[in-house]
Each structure stands twice: as structure tokens, then as C-alpha cells.
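Visitor: What follows is data.pdb, PDB, C-alpha atoms.
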```
ATOM      1  CA  MET A   1       6.308  29.155  73.783
ATOM      2  CA  ASN A   2       4.497  29.383  77.066
ATOM      3  CA  SER A   3       7.058  30.389  79.698
ATOM      4  CA  HIS A   4       4.783  29.921  82.725
ATOM      5  CA  ARG A   5       3.937  26.235  82.303
ATOM      6  CA  ASN A   6       3.135  24.082  85.263
ATOM      7  CA  GLU A   7       5.801  21.372  85.627
ATOM      8  CA  ASN A   8       3.346  18.797  87.017
ATOM      9  CA  PRO A   9       1.738  16.529  84.415
ATOM     10  CA  VAL A  10      -1.935  17.070  83.700
ATOM     11  CA  LEU A  11      -4.290  14.162  84.289
ATOM     12  CA  ILE A  12      -6.485  13.919  81.218
ATOM     13  CA  THR A  13      -8.130  10.541  81.809
ATOM     14  CA  SER A  14      -9.732   8.681  84.667
ATOM     15  CA  ALA A  15      -8.471   5.298  83.404
ATOM     16  CA  ALA A  16      -6.573   3.110  85.865
ATOM     17  CA  PRO A  17      -2.945   2.155  85.169
ATOM     18  CA  SER A  18      -2.582  -0.891  82.941
ATOM     19  CA  TYR A  19      -2.453  -4.360  84.451
ATOM     20  CA  GLU A  20       1.180  -4.742  83.382
ATOM     21  CA  ASP A  21       2.150  -1.492  85.150
ATOM     22  CA  GLN A  22       0.350  -2.566  88.320
ATOM     23  CA  LEU A  23       1.958  -6.013  88.208
ATOM     24  CA  SER A  24       5.477  -4.643  87.743
ATOM     25  CA  ALA A  25       5.000  -2.209  90.651
ATOM     26  CA  ARG A  26       3.757  -5.045  92.869
ATOM     27  CA  ARG A  27       6.708  -7.234  91.864
ATOM     28  CA  ARG A  28       9.145  -4.447  92.770
ATOM     29  CA  ARG A  29       7.450  -4.011  96.160
ATOM     30  CA  TYR A  30       7.619  -7.757  96.822
ATOM     31  CA  ALA A  31      11.294  -7.973  95.853
ATOM     32  CA  LEU A  32      12.143  -4.985  98.068
ATOM     33  CA  MET A  33      10.383  -6.422 101.099
ATOM     34  CA  MET A  34      11.913  -9.863 100.625
ATOM     35  CA  SER A  35      15.363  -8.326 100.192
ATOM     36  CA  LEU A  36      14.983  -6.696 103.614
ATOM     37  CA  ARG A  37      14.833 -10.141 105.196
ATOM     38  CA  ILE A  38      18.385 -11.110 104.207
ATOM     39  CA  PRO A  39      20.080  -8.211 106.059
ATOM     40  CA  CYS A  40      17.982  -8.955 109.163
ATOM     41  CA  ILE A  41      19.170 -12.556 109.222
ATOM     42  CA  LEU A  42      22.780 -11.594 108.491
ATOM     43  CA  LEU A  43      22.750  -8.965 111.228
ATOM     44  CA  ALA A  44      21.276 -11.526 113.628
ATOM     45  CA  LEU A  45      24.212 -13.836 112.850
ATOM     46  CA  LEU A  46      26.636 -10.944 113.279
ATOM     47  CA  PHE A  47      25.172 -10.019 116.662
ATOM     48  CA  ALA A  48      24.801 -13.615 117.899
ATOM     49  CA  LYS A  49      26.794 -12.795 121.052
ATOM     50  CA  ILE A  50      24.174 -10.174 121.984
ATOM     51  CA  TRP A  51      21.315 -12.660 122.185
ATOM     52  CA  TRP A  52      18.482 -10.194 122.704
ATOM     53  CA  LEU A  53      19.481  -8.118 119.641
ATOM     54  CA  ALA A  54      19.822 -11.250 117.512
ATOM     55  CA  LEU A  55      16.409 -12.408 118.707
ATOM     56  CA  ILE A  56      14.807  -9.068 117.822
ATOM     57  CA  LEU A  57      16.329  -9.171 114.332
ATOM     58  CA  ILE A  58      15.122 -12.746 113.778
ATOM     59  CA  LEU A  59      11.648 -11.838 115.029
ATOM     60  CA  LEU A  60      11.585  -8.866 112.640
ATOM     61  CA  SER A  61      12.454 -11.098 109.703
ATOM     62  CA  VAL A  62       9.754 -13.721 110.419
ATOM     63  CA  PRO A  63       6.640 -11.772 109.287
ATOM     64  CA  LEU A  64       8.340 -10.177 106.255
ATOM     65  CA  PRO A  65       7.413 -12.931 103.723
ATOM     66  CA  TRP A  66       3.796 -12.900 104.871
ATOM     67  CA  MET A  67       3.609  -9.095 104.684
ATOM     68  CA  ALA A  68       5.348  -9.076 101.290
ATOM     69  CA  VAL A  69       2.783 -11.493  99.837
ATOM     70  CA  LEU A  70      -0.148  -9.525 101.249
ATOM     71  CA  ILE A  71       1.156  -6.204  99.961
ATOM     72  CA  ALA A  72       2.177  -7.601  96.568
ATOM     73  CA  ASN A  73      -1.225  -9.220  95.994
ATOM     74  CA  ASP A  74      -3.157  -6.102  96.926
ATOM     75  CA  ARG A  75      -4.166  -3.936  94.018
ATOM     76  CA  PRO A  76      -3.775  -0.189  94.437
ATOM     77  CA  PRO A  77      -6.918   1.718  95.401
ATOM     78  CA  PRO A  78      -8.560   3.762  92.673
ATOM     79  CA  LYS A  79      -7.149   7.252  92.436
ATOM     80  CA  ALA A  80      -9.250  10.040  93.854
ATOM     81  CA  GLU A  81      -8.032  12.446  91.206
ATOM     82  CA  SER A  82     -10.425  13.620  88.553
ATOM     83  CA  PRO A  83      -9.474  14.608  85.016
ATOM     84  CA  GLN A  84      -8.882  18.278  84.410
ATOM     85  CA  ARG A  85     -11.315  19.779  81.952
ATOM     86  CA  LEU A  86     -10.446  22.492  79.488
ATOM     87  CA  ARG A  87     -11.528  25.860  80.829
ATOM     88  CA  PRO A  88     -11.027  29.006  78.830
ATOM     89  CA  SER A  89      -8.586  31.215  80.658
ATOM     90  CA  ARG A  90      -9.549  34.465  78.935
ATOM     91  CA  PRO A  91     -12.685  35.714  77.222
ATOM     92  CA  ALA A  92     -12.465  35.941  73.447
ATOM     93  CA  LEU A  93     -11.968  39.325  71.757
ATOM     94  CA  THR A  94     -14.285  40.422  68.993
ATOM     95  CA  ALA A  95     -13.290  42.241  65.850
ATOM     96  CA  ASP A  96     -14.106  45.653  67.375
ATOM     97  CA  GLY A  97     -11.774  44.983  70.354
ATOM     98  CA  GLU A  98     -14.423  44.330  73.013
ATOM     99  CA  GLU A  99     -14.568  41.204  75.098
ATOM    100  CA  SER A 100     -17.403  38.767  74.515
ATOM    101  CA  ARG A 101     -18.652  36.475  77.258
TER     102      ARG A 101
END
```
Kindly present the structure from the file in C-alpha cells form.
Guide:
Amino acid sequence: MNSHRNENPVLITSAAPSYEDQLSARRRRYALMMSLRIPCILLALLFAKIWWLALILILLSVPLPWMAVLIANDRPPPKAESPQRLRPSRPALTADGEESR
């Protein structure tokens, strides 16, 4: 076994993630952003006596659906990573014990 392995996965392809993976990630992002709107509205109701704080919370919750749709419909940019190519780490040894290059 190789005891000095790198724990990070090795990128071996330049293919983009599948459409299903991209769609599920966008759905999660949309659900998260839309779920942030509910606490803003509830906090605005809770702080109704402090009108300026309630107004700020309401104003924060107004653009959330628009932003959630824009972010969810945006596909991720292509990754800038390039596949790692196999590179020999050591020169091969010949039968007489000398290194060949």
C-alpha cells in the first residue's frame, strides 16, 4: 500500500458534471434562498413595534425570489481545472542496476 497518498481526488477527465447533478445543485440553491425569505418575514412580524427594523427585514425579503430564480437558472461556469496526466515519478531501472532515461 502507498502510505503517502494525497487525500484530494484526482481529476482524470475534463467532462462537465452531468445535467442531473447540475439541476439538483441548482434546486438546492433555489430552495435555500427561498427558505431565507420566511425567517425575514417572521422576524419583521416579531419586530413590528420597531418599525424601521421591520421595514429593513421586509425590504431584504423582497428581492430574494428574483435572486433565487436568477441564481438557480444560471449554469455553473466551466471548471478551469485540467486533467492530470500520468507522469513517471522515477526513471526505470535496467537489469544491470543502472537508471535508463
Visitor: Given only C-alpha atoms as the basis, pick out the residue of A:Leu23, A:Ala44, A:Leu70, A:Leu36 nearest to Ile58 (chain A).
Guide: A:Ala44
Visitor: Could you spell out the hits of the PyMOL selection byres ((chain A and resi 60) around 12) on the shown file, as a list in words?
Guide: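 Matching residues under the PyMOL selection byres ((chain A and resi 60) around 12) are Met33, Leu36, Arg37, Ile38, Pro39, Cys40, Ile41, Leu43, Ala44, Leu53, Ala54, Leu55, Ile56, Leu57, Ile58, Leu59, Ser61, Val62, Pro63, Leu64, Pro65, Trp66 and Met67 of chain A.
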Visitor: Just C-alpha atoms for this one: save the residues we selected as an mmCIF file, keeping the file's coordinate frame.
Guide:
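Okay, out-v8.cif is ready:
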```cif
data_model
loop_
_atom_site.group_PDB
_atom_site.id
_atom_site.type_symbol
_atom_site.label_atom_id
_atom_site.label_comp_id
_atom_site.auth_asym_id
_atom_site.auth_seq_id
_atom_site.Cartn_x
_atom_site.Cartn_y
_atom_site.Cartn_z
ATOM 1 C CA MET A 33 10.383 -6.422 101.099
ATOM 2 C CA LEU A 36 14.983 -6.696 103.614
ATOM 3 C CA ARG A 37 14.833 -10.141 105.196
ATOM 4 C CA ILE A 38 18.385 -11.110 104.207
ATOM 5 C CA PRO A 39 20.080 -8.211 106.059
ATOM 6 C CA CYS A 40 17.982 -8.955 109.163
ATOM 7 C CA ILE A 41 19.170 -12.556 109.222
ATOM 8 C CA LEU A 43 22.750 -8.965 111.228
ATOM 9 C CA ALA A 44 21.276 -11.526 113.628
ATOM 10 C CA LEU A 53 19.481 -8.118 119.641
ATOM 11 C CA ALA A 54 19.822 -11.250 117.512
ATOM 12 C CA LEU A 55 16.409 -12.408 118.707
ATOM 13 C CA ILE A 56 14.807 -9.068 117.822
ATOM 14 C CA LEU A 57 16.329 -9.171 114.332
ATOM 15 C CA ILE A 58 15.122 -12.746 113.778
ATOM 16 C CA LEU A 59 11.648 -11.838 115.029
ATOM 17 C CA SER A 61 12.454 -11.098 109.703
ATOM 18 C CA VAL A 62 9.754 -13.721 110.419
ATOM 19 C CA PRO A 63 6.640 -11.772 109.287
ATOM 20 C CA LEU A 64 8.340 -10.177 106.255
ATOM 21 C CA PRO A 65 7.413 -12.931 103.723
ATOM 22 C CA TRP A 66 3.796 -12.900 104.871
ATOM 23 C CA MET A 67 3.609 -9.095 104.684
#
```
Visitor: Could you work out how far CA of Arg26 (chain A) lies from CA of Arg75 (chain A), giving the answer in Å with one decimal?
Guide: 8.1 Å
Visitor: For a quick check of understanding, using all atoms listed in the file, which of A:Ala48, A:Leu42, A:Ala16, A:Ala72 has the smallest distance to Arg29 (chain A)?
Guide: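 Using all atoms listed in the file, Arg29 (chain A) sits closest to A:Ala72.
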Visitor: Taking the file as I've supplied it (selection: the PyMOL selection byres ((chain A and resi 22) around 12)), which residues are included? Please answer as a list in words.
Guide: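 With the PyMOL selection byres ((chain A and resi 22) around 12) on this model, the match is Ala16, Pro17, Ser18, Tyr19, Glu20, Asp21, Leu23, Ser24, Ala25, Arg26, Arg27, Arg28, Arg29, Ala72, Asn73, Asp74, Arg75, Pro76, Pro77 and Pro78 of chain A.
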